[in-house]
file start.cif (mmCIF, C-alpha atoms)
data_protein
#
loop_
_atom_site.label_atom_id
_atom_site.label_comp_id
_atom_site.auth_asym_id
_atom_site.auth_seq_id
_atom_site.Cartn_x
_atom_site.Cartn_y
_atom_site.Cartn_z
CA MET Y 1 1.65 4.23 -20.62
CA GLY Y 2 2.60 0.88 -19.15
CA ASN Y 3 5.39 -1.36 -18.02
CA ARG Y 4 8.24 -1.42 -20.54
CA ASP Y 5 11.00 -4.03 -20.84
CA GLY Y 6 14.61 2.56 -25.26
CA ASN Y 7 19.30 6.30 -26.46
CA LYS Y 8 20.19 8.10 -29.41
CA GLY Y 9 23.65 9.00 -30.56
CA THR Y 10 25.67 10.31 -33.50
CA SER Y 11 27.61 7.71 -35.49
CA HIS Y 12 30.98 8.22 -37.17
CA GLY Y 13 31.67 5.05 -39.13
CA ALA Y 14 30.90 1.37 -38.58
CA GLY Y 15 32.85 1.15 -35.34
CA SER Y 16 30.85 3.96 -33.75
CA LYS Y 17 27.58 2.40 -34.90
CA ARG Y 18 28.48 -0.88 -33.27
CA GLY Y 19 29.44 0.98 -30.09
CA ILE Y 20 26.14 2.84 -30.01
CA LYS Y 21 24.16 -0.36 -30.60
CA GLY Y 22 26.12 -2.10 -27.88
CA GLY Y 23 25.45 0.75 -25.48
CA ILE Y 24 21.73 0.73 -26.20
CA LYS Y 25 21.56 -3.04 -25.85
CA GLY Y 26 23.49 -2.92 -22.58
CA LYS Y 27 21.23 -0.25 -21.10
CA LEU Y 28 18.12 -2.11 -22.17
CA LEU Y 29 19.47 -5.27 -20.59
CA VAL Y 30 20.19 -3.49 -17.32
CA LEU Y 31 16.64 -2.03 -17.36
CA ILE Y 32 15.07 -5.45 -17.95
CA LEU Y 33 17.11 -7.06 -15.18
CA CYS Y 34 16.46 -4.25 -12.71
CA CYS Y 35 12.69 -4.42 -13.31
CA ALA Y 36 12.78 -8.19 -12.99
CA ALA Y 37 14.80 -8.03 -9.78
CA VAL Y 38 12.37 -5.56 -8.20
CA LEU Y 39 9.43 -7.77 -9.12
CA MET Y 40 11.08 -10.93 -7.84
CA ALA Y 41 12.16 -9.31 -4.59
CA GLY Y 42 8.56 -8.53 -3.72
CA PHE Y 43 7.04 -11.97 -4.28
CA ARG Y 44 5.38 -13.57 -1.31
CA GLY Y 45 4.95 -17.22 -2.22
CA GLU Y 46 4.99 -20.44 -0.22
CA GLY Y 47 7.75 -22.29 -2.05
CA GLU Y 48 8.38 -23.52 -5.58
CA LYS Y 49 5.93 -26.44 -5.53
CA GLU Y 50 3.16 -24.26 -4.13
CA SER Y 51 3.94 -21.61 -6.76
CA GLN Y 52 3.59 -24.15 -9.55
CA SER Y 53 0.38 -25.54 -8.05
CA GLU Y 54 -1.03 -22.00 -7.91
CA LEU Y 55 -0.18 -21.58 -11.60
CA GLY Y 56 -2.43 -24.51 -12.43
CA LYS Y 57 -5.32 -22.73 -10.71
CA SER Y 58 -4.54 -19.20 -11.86
CA LEU Y 59 -4.35 -19.64 -15.64
CA PRO Y 60 -7.92 -20.99 -16.01
CA LEU Y 61 -9.18 -18.18 -13.76
CA LEU Y 62 -7.29 -15.58 -15.80
CA ALA Y 63 -8.70 -16.99 -19.03
CA SER Y 64 -12.21 -16.87 -17.58
CA LEU Y 65 -11.74 -13.28 -16.42
CA GLY Y 66 -10.37 -12.35 -19.82
CA LYS Y 67 -13.34 -13.77 -21.68
CA SER Y 68 -15.77 -11.98 -19.37
CA VAL Y 69 -14.27 -8.49 -19.87
CA THR Y 70 -13.35 -8.59 -23.58
CA VAL Y 71 -15.38 -8.40 -26.77
CA PRO Y 72 -16.87 -11.88 -27.40
CA GLY Y 73 -14.80 -13.89 -29.88
CA SER Y 74 -11.83 -11.50 -29.82
CA PRO Y 75 -8.33 -12.96 -29.28
CA LEU Y 76 -6.79 -13.10 -25.81
CA ARG Y 77 -3.07 -12.42 -25.85
CA LEU Y 78 -1.26 -14.08 -22.95
CA VAL Y 79 2.35 -13.67 -21.79
CA LEU Y 80 3.67 -15.89 -19.00
CA LYS Y 81 7.15 -15.44 -17.56
CA TRP Y 82 9.21 -17.65 -15.29
CA GLN Y 83 12.17 -15.68 -13.93
CA GLY Y 84 14.78 -16.09 -11.26
CA GLU Y 85 18.43 -16.55 -10.31
CA TYR Y 86 20.96 -19.27 -11.00
CA ASN Y 87 24.17 -19.54 -9.00
CA GLY Y 88 27.24 -20.59 -10.99
CA ASP Y 89 29.78 -18.85 -13.22
CA GLY Y 90 32.18 -19.37 -16.13
CA PRO Y 91 31.76 -22.50 -18.22
CA GLU Y 92 29.30 -23.90 -15.68
CA ALA Y 93 26.74 -21.17 -16.39
CA GLY Y 94 27.20 -21.50 -20.15
CA ALA Y 95 26.74 -25.25 -20.00
CA ALA Y 96 23.69 -24.84 -17.77
CA ALA Y 97 22.15 -22.36 -20.22
CA THR Y 98 22.76 -24.77 -23.10
CA ASP Y 99 21.30 -27.68 -21.17
CA LEU Y 100 18.21 -25.71 -20.13
CA SER Y 101 17.57 -24.57 -23.70
CA ALA Y 102 17.73 -28.17 -24.88
CA ALA Y 103 15.49 -29.39 -22.06
CA LEU Y 104 12.89 -26.78 -23.01
CA GLY Y 105 12.97 -27.99 -26.62
CA LEU Y 106 14.38 -24.69 -27.89
CA GLY Y 107 17.46 -26.11 -29.57
CA GLU Y 108 20.90 -24.51 -29.39
CA ALA Y 109 21.16 -21.20 -27.55
CA SER Y 110 22.93 -18.31 -29.29
CA ARG Y 111 25.64 -16.59 -27.26
CA ASP Y 112 26.18 -12.83 -27.23
CA ASP Y 113 29.41 -11.50 -25.72
CA GLY Y 114 27.98 -8.09 -24.87
CA GLU Y 115 29.95 -5.22 -23.39
CA GLU Y 116 28.19 -5.49 -20.02
CA HIS Y 117 26.83 -9.04 -19.79
CA LEU Y 118 27.32 -12.39 -21.46
CA THR Y 119 23.89 -13.63 -22.58
CA TYR Y 120 22.31 -16.69 -24.15
CA ARG Y 121 19.03 -16.70 -26.08
CA SER Y 122 16.87 -19.32 -27.75
CA ALA Y 123 13.31 -19.63 -29.02
CA ALA Y 124 10.88 -22.05 -30.65
CA SER Y 125 7.25 -21.89 -31.79
CA GLY Y 126 4.51 -24.48 -32.05
CA ALA Y 127 0.96 -25.37 -30.98
CA GLY Y 128 -0.17 -21.74 -31.04
CA PHE Y 129 2.48 -20.22 -28.78
CA GLN Y 130 6.18 -19.30 -28.66
CA THR Y 131 8.67 -20.16 -25.93
CA THR Y 132 11.84 -18.10 -25.44
CA MET Y 133 14.78 -18.32 -23.05
CA PHE Y 134 16.92 -15.38 -21.97
CA TRP Y 135 19.97 -16.12 -19.76
CA SER Y 136 22.33 -13.40 -18.55
CA GLU Y 137 25.50 -13.84 -16.50
CA LEU Y 138 25.57 -11.02 -13.96
CA GLY Y 139 28.98 -11.69 -12.41
CA ASP Y 140 29.99 -12.92 -8.99
CA GLY Y 141 28.72 -16.38 -9.86
CA ARG Y 142 25.15 -15.25 -10.54
CA SER Y 143 22.94 -15.47 -13.61
CA TYR Y 144 19.42 -14.24 -14.24
CA VAL Y 145 17.06 -16.36 -16.31
CA ILE Y 146 13.71 -15.54 -17.95
CA VAL Y 147 11.64 -18.13 -19.79
CA THR Y 148 8.63 -16.64 -21.58
CA LEU Y 149 5.63 -18.37 -23.12
CA GLU Y 150 3.48 -16.13 -25.32
CA THR Y 151 0.43 -16.63 -27.50
CA PRO Y 152 -1.57 -14.11 -29.55
CA ASP Y 153 -4.74 -16.04 -28.73
CA LEU Y 154 -4.98 -18.18 -25.61
CA LEU Y 155 -8.11 -19.95 -26.86
CA ASN Y 156 -6.07 -21.39 -29.76
CA ALA Y 157 -3.19 -22.55 -27.57
CA PRO Y 158 -4.67 -25.38 -25.44
CA ASP Y 159 -1.25 -26.85 -24.64
CA LEU Y 160 0.21 -23.65 -23.20
CA GLN Y 161 -0.74 -24.33 -19.58
CA ALA Y 162 0.89 -27.78 -19.54
CA ALA Y 163 3.98 -26.31 -21.23
CA ALA Y 164 4.14 -23.50 -18.67
CA GLU Y 165 3.97 -25.91 -15.75
CA GLU Y 166 6.59 -28.15 -17.39
CA ALA Y 167 8.89 -25.15 -17.93
CA GLY Y 168 8.70 -24.39 -14.20
CA THR Y 169 9.69 -27.97 -13.39
CA LYS Y 170 12.64 -27.86 -15.79
CA LEU Y 171 13.86 -24.55 -14.42
CA ARG Y 172 13.80 -25.99 -10.91
CA LYS Y 173 15.70 -29.08 -12.04
CA ALA Y 174 18.27 -26.80 -13.71
CA GLY Y 175 18.87 -25.04 -10.40
CA VAL Y 176 17.04 -21.81 -11.25
CA LYS Y 177 14.98 -20.40 -8.38
CA ALA Y 178 12.13 -19.03 -10.48
CA GLU Y 179 8.74 -17.45 -9.86
CA TRP Y 180 6.04 -16.82 -12.47
CA ASN Y 181 3.93 -13.85 -13.44
CA THR Y 182 1.39 -13.66 -16.25
CA SER Y 183 -0.54 -11.00 -18.15
CA LEU Y 184 -3.57 -11.30 -20.42
CA GLN Y 185 -4.73 -8.65 -22.88
CA GLY Y 186 -7.66 -8.18 -25.26
CA THR Y 187 -10.16 -5.75 -26.75
CA ALA Y 188 -12.14 -4.28 -23.86
CA LYS Y 189 -15.87 -4.86 -23.75
CA GLU Y 190 -16.26 -1.51 -21.95
CA GLU Y 191 -15.58 1.62 -24.02
CA GLY Y 192 -15.41 5.35 -23.35
CA ASP Y 193 -13.49 7.06 -20.56
CA PRO Y 194 -10.76 4.68 -19.26
CA ARG Y 195 -11.60 5.31 -15.61
CA GLU Y 196 -15.31 4.61 -16.09
CA ALA Y 197 -14.53 1.59 -18.27
CA LEU Y 198 -12.22 0.20 -15.58
CA LEU Y 199 -14.88 0.60 -12.89
CA LEU Y 200 -17.39 -1.31 -15.05
CA THR Y 201 -14.74 -3.98 -15.73
CA GLU Y 202 -14.22 -4.34 -11.97
CA GLN Y 203 -17.93 -4.99 -11.51
CA THR Y 204 -17.65 -7.90 -13.93
CA MET Y 205 -14.52 -9.27 -12.23
CA ASN Y 206 -16.20 -9.04 -8.84
CA GLY Y 207 -18.43 -11.90 -9.91
CA GLN Y 208 -15.42 -14.25 -9.97
CA LEU Y 209 -13.10 -12.70 -7.37
CA ALA Y 210 -14.20 -12.46 -3.76
CA GLU Y 211 -13.56 -9.25 -1.80
CA LEU Y 212 -11.66 -7.47 -4.60
CA SER Y 213 -10.04 -4.47 -2.88
CA VAL Y 214 -8.36 -1.57 -4.73
CA LEU Y 215 -4.99 -0.73 -3.14
CA GLU Y 216 -3.21 1.41 -5.76
CA THR Y 217 -4.40 3.62 -8.63
CA TYR Y 218 -2.80 5.13 -11.72
CA GLU Y 219 -4.59 7.40 -14.22
CA ASP Y 220 -3.73 9.61 -17.19
CA GLU Y 221 -5.67 10.85 -20.23
CA THR Y 222 -5.77 7.46 -21.99
CA THR Y 223 -5.11 4.92 -19.22
CA ALA Y 224 -6.58 3.84 -15.90
CA SER Y 225 -5.06 1.10 -13.75
CA HIS Y 226 -5.90 -0.41 -10.37
CA SER Y 227 -3.92 -2.88 -8.27
CA TYR Y 228 -5.87 -5.15 -5.95
CA ASN Y 229 -5.82 -7.71 -3.21
CA THR Y 230 -8.26 -10.61 -3.05
CA PRO Y 231 -8.42 -13.82 -1.01
CA ALA Y 232 -9.24 -15.63 -4.26
CA LEU Y 233 -5.53 -15.44 -5.22
CA GLN Y 234 -2.85 -16.82 -2.92
CA ARG Y 235 0.25 -15.39 -4.58
CA SER Y 236 1.12 -11.72 -4.26
CA VAL Y 237 3.92 -9.19 -4.57
CA MET Y 238 4.73 -6.41 -2.11
CA SER Y 239 4.40 -2.89 -3.51
CA GLY Y 240 5.39 -0.53 -0.74
CA ASN Y 241 3.17 -1.57 2.16
CA HIS Y 242 0.59 -3.18 -0.11
CA LYS Y 243 0.19 -6.86 -0.86
CA ILE Y 244 -0.81 -6.93 -4.55
CA ALA Y 245 -2.38 -10.04 -6.05
CA LEU Y 246 -3.81 -8.63 -9.29
CA GLN Y 247 -3.54 -5.57 -11.51
CA ALA Y 248 -5.99 -4.45 -14.21
CA ALA Y 249 -5.77 -1.60 -16.71
CA ILE Y 250 -7.83 -0.05 -19.48
CA HIS Y 251 -5.95 1.82 -22.22
CA LYS Y 252 -7.85 3.80 -24.86
CA ASP Y 253 -6.23 3.54 -28.30
CA VAL Y 254 -7.16 6.90 -29.83
CA LYS Y 255 -6.02 5.93 -33.34
CA LYS Y 256 -8.00 2.70 -33.44
CA GLY Y 257 -10.98 4.07 -31.55
CA SER Y 258 -11.08 1.09 -29.21
CA SER Y 259 -9.75 0.18 -25.76
CA ARG Y 260 -7.48 -2.59 -24.49
CA VAL Y 261 -7.99 -4.33 -21.17
CA THR Y 262 -4.96 -5.91 -19.51
CA ILE Y 263 -5.01 -8.15 -16.43
CA GLY Y 264 -1.88 -9.30 -14.62
CA PHE Y 265 -1.27 -11.88 -11.90
CA PRO Y 266 0.13 -10.46 -9.65
CA LEU Y 267 1.22 -7.45 -11.76
CA ILE Y 268 1.08 -6.42 -15.40
CA THR Y 269 4.52 -6.90 -16.95
CA ILE Y 270 3.66 -6.02 -20.59
CA GLU Y 271 2.57 -2.77 -22.29
CA TYR Y 272 -0.93 -1.61 -21.33
#

call {"tool": "encode", "arguments": {"input": "start.cif", "output": "structure tokens"}}
result
Amino acid sequence: MGNRDGNKGTSHGAGSKRGIKGGIKGKLLVLILCCAAVLMAGFRGEGEKESQSELGKSLPLLASLGKSVTVPGSPLRLVLKWQGEYNGDGPEAGAAATDLSAALGLGEASRDDGEEHLTYRSAASGAGFQTTMFWSELGDGRSYVIVTLETPDLLNAPDLQAAAEEAGTKLRKAGVKAEWNTSLQGTAKEEGDPREALLLTEQTMNGQLAELSVLETYEDETTASHSYNTPALQRSVMSGNHKIALQAAIHKDVKKGSSRVTIGFPLITIEY
């Protein structure tokens, strides 16, 4: 179980099929935007420039943590998201989405006149990672924008950090008030019971993170997750009354007979 960014129906002809697909797509879009809005509402940063500066410090630390808690030589999947609001509507938002896509080097954005929201999407790959843009007009002059950079192996994508920082700059120039979150995932060095494996993983992370304090816990038969605070990380998100700076999870893949470790700054926003 993990964070998920899912409606069945009976079709009667092509028109019904399109309607069902549109309904599913619309509900998925609402779910993505609601999750993103909750995450963004909880961020406690010190401004856009400070957020970007913290990114420059956090990615190397995350990579170091990842290497220390995964099987040596195994790939480190990393997903970094910039997300936030843009104020503007009608042709202005469409033009802004087109301009941002071009500025990010993603080419022309495709437009989707959905039943619930007008959206724009674009993507491009290169240098070991993919960059995607998702832009949705929400109405009342507001749009929500997510720019994602993803690599299946961080160690083979040396340009990703510079691209991530540049994406933040371009979003700011485009008028999007964006914050970042990032998650790293790999084959866990610790095996066995997820709870015990997570506790051993914490011991390893403690060597790089001062005063790592567990604030929230989730457990089921195949997954264990802890959310933490630590003075080693300046950015955090409010979860209830807790100030969360980092989340870690171990998920046992019964079919493969191995476990995945996932680390998120400040939260995990991909599947465990």

call {"tool": "residues_around", "arguments": {"input": "start.cif", "residues": "Ser125 of chain Y", "least_positions_apart": "2", "cutoff": "12 Å", "atoms": "only C-alpha atoms", "output": "PyMOL selection string"}}
result
chain Y and resi 104-107+122-123+127-132+148-152+157+160+163

call {"tool": "resolve_selection", "arguments": {"input": "start.cif", "expression": "the PyMOL selection byres ((chain Y and resi 198) around 12)", "output": "PyMOL selection string"}}
result
chain Y and resi 69-70+188-197+199-205+214+217-219+222-227+247-252+259-263

call {"tool": "atom_distance", "arguments": {"input": "start.cif", "atom1": "atom CA of Tyr144 of chain Y", "atom2": "atom CA of Glu85 of chain Y"}}
result
4.7 Å

call {"tool": "closest_residue", "arguments": {"input": "start.cif", "among": "Y:Ser68, Y:Gln83, Y:Ser236, Y:Asn206", "to": "Gly264 of chain Y", "atoms": "only C-alpha atoms"}}
result
Y:Ser236

call {"tool": "atom_distance", "arguments": {"input": "start.cif", "atom1": "atom CA of Lys170 of chain Y", "atom2": "atom CA of Glu115 of chain Y"}}
result
29.5 Å

call {"tool": "resolve_selection", "arguments": {"input": "start.cif", "expression": "the PyMOL selection byres ((chain Y and resi 179) around 6)", "output": "mmCIF file with C-alpha atoms, in the coordinates of the input"}}
result
data_model
loop_
_atom_site.group_PDB
_atom_site.id
_atom_site.type_symbol
_atom_site.label_atom_id
_atom_site.label_comp_id
_atom_site.auth_asym_id
_atom_site.auth_seq_id
_atom_site.Cartn_x
_atom_site.Cartn_y
_atom_site.Cartn_z
ATOM 1 C CA TRP Y 82 9.210 -17.650 -15.290
ATOM 2 C CA GLN Y 83 12.170 -15.680 -13.930
ATOM 3 C CA ALA Y 178 12.130 -19.030 -10.480
ATOM 4 C CA TRP Y 180 6.040 -16.820 -12.470
#

call {"tool": "residues_around", "arguments": {"input": "start.cif", "residues": "Leu233 of chain Y", "least_positions_apart": "4", "cutoff": "9 Å", "atoms": "all atoms listed in the file", "output": "PDB file with C-alpha atoms, in the coordinates of the input"}}
result
ATOM      1  CA  GLU Y  54      -1.030 -22.000  -7.910  1.00  0.00           C
ATOM      2  CA  SER Y  58      -4.540 -19.200 -11.860  1.00  0.00           C
ATOM      3  CA  LEU Y 209     -13.100 -12.700  -7.370  1.00  0.00           C
ATOM      4  CA  ASN Y 229      -5.820  -7.710  -3.210  1.00  0.00           C
ATOM      5  CA  ALA Y 245      -2.380 -10.040  -6.050  1.00  0.00           C
ATOM      6  CA  LEU Y 246      -3.810  -8.630  -9.290  1.00  0.00           C
ATOM      7  CA  PHE Y 265      -1.270 -11.880 -11.900  1.00  0.00           C
ATOM      8  CA  PRO Y 266       0.130 -10.460  -9.650  1.00  0.00           C
TER       9      PRO Y 266
END

call {"tool": "closest_residue", "arguments": {"input": "start.cif", "among": "Y:Ala167, Y:Ala63, Y:Ala97, Y:Ala162", "to": "Phe134 of chain Y", "atoms": "all atoms listed in the file"}}
result
Y:Ala97

call {"tool": "closest_residue", "arguments": {"input": "start.cif", "among": "Y:Glu166, Y:Asp159, Y:Asp153, Y:Glu137", "to": "Ala103 of chain Y", "atoms": "only C-alpha atoms"}}
result
Y:Glu166

call {"tool": "atom_distance", "arguments": {"input": "start.cif", "atom1": "atom CA of Glu108 of chain Y", "atom2": "atom CA of Ala95 of chain Y"}}
result
11.1 Å

call {"tool": "closest_residue", "arguments": {"input": "start.cif", "among": "Y:Leu62, Y:Leu55, Y:Leu215, Y:Leu184", "to": "His242 of chain Y", "atoms": "all atoms listed in the file"}}
result
Y:Leu215

call {"tool": "closest_residue", "arguments": {"input": "start.cif", "among": "Y:Ala109, Y:Val254, Y:Ala210, Y:Leu78", "to": "Ala124 of chain Y", "atoms": "only C-alpha atoms"}}
result
Y:Ala109

call {"tool": "closest_residue", "arguments": {"input": "start.cif", "among": "Y:Gly141, Y:Gly56, Y:Gly73, Y:Gly240", "to": "Gly94 of chain Y", "atoms": "all atoms listed in the file"}}
result
Y:Gly141

call {"tool": "axis_aligned_box", "arguments": {"input": "start.cif", "around": "segment 117-125 of chain Y", "padding_each_side": "6 Å", "output": "lines of an AutoDock Vina configuration file"}}
result
center_x = 17.3
center_y = -15.5
center_z = -25.8
size_x = 32.1
size_y = 25.0
size_z = 24.0

call {"tool": "resolve_selection", "arguments": {"input": "start.cif", "expression": "the PyMOL selection byres ((chain Y and resi 138) around 9)", "output": "number ranges by chain"}}
result
Y: 89, 116-118, 136-137, 139-144
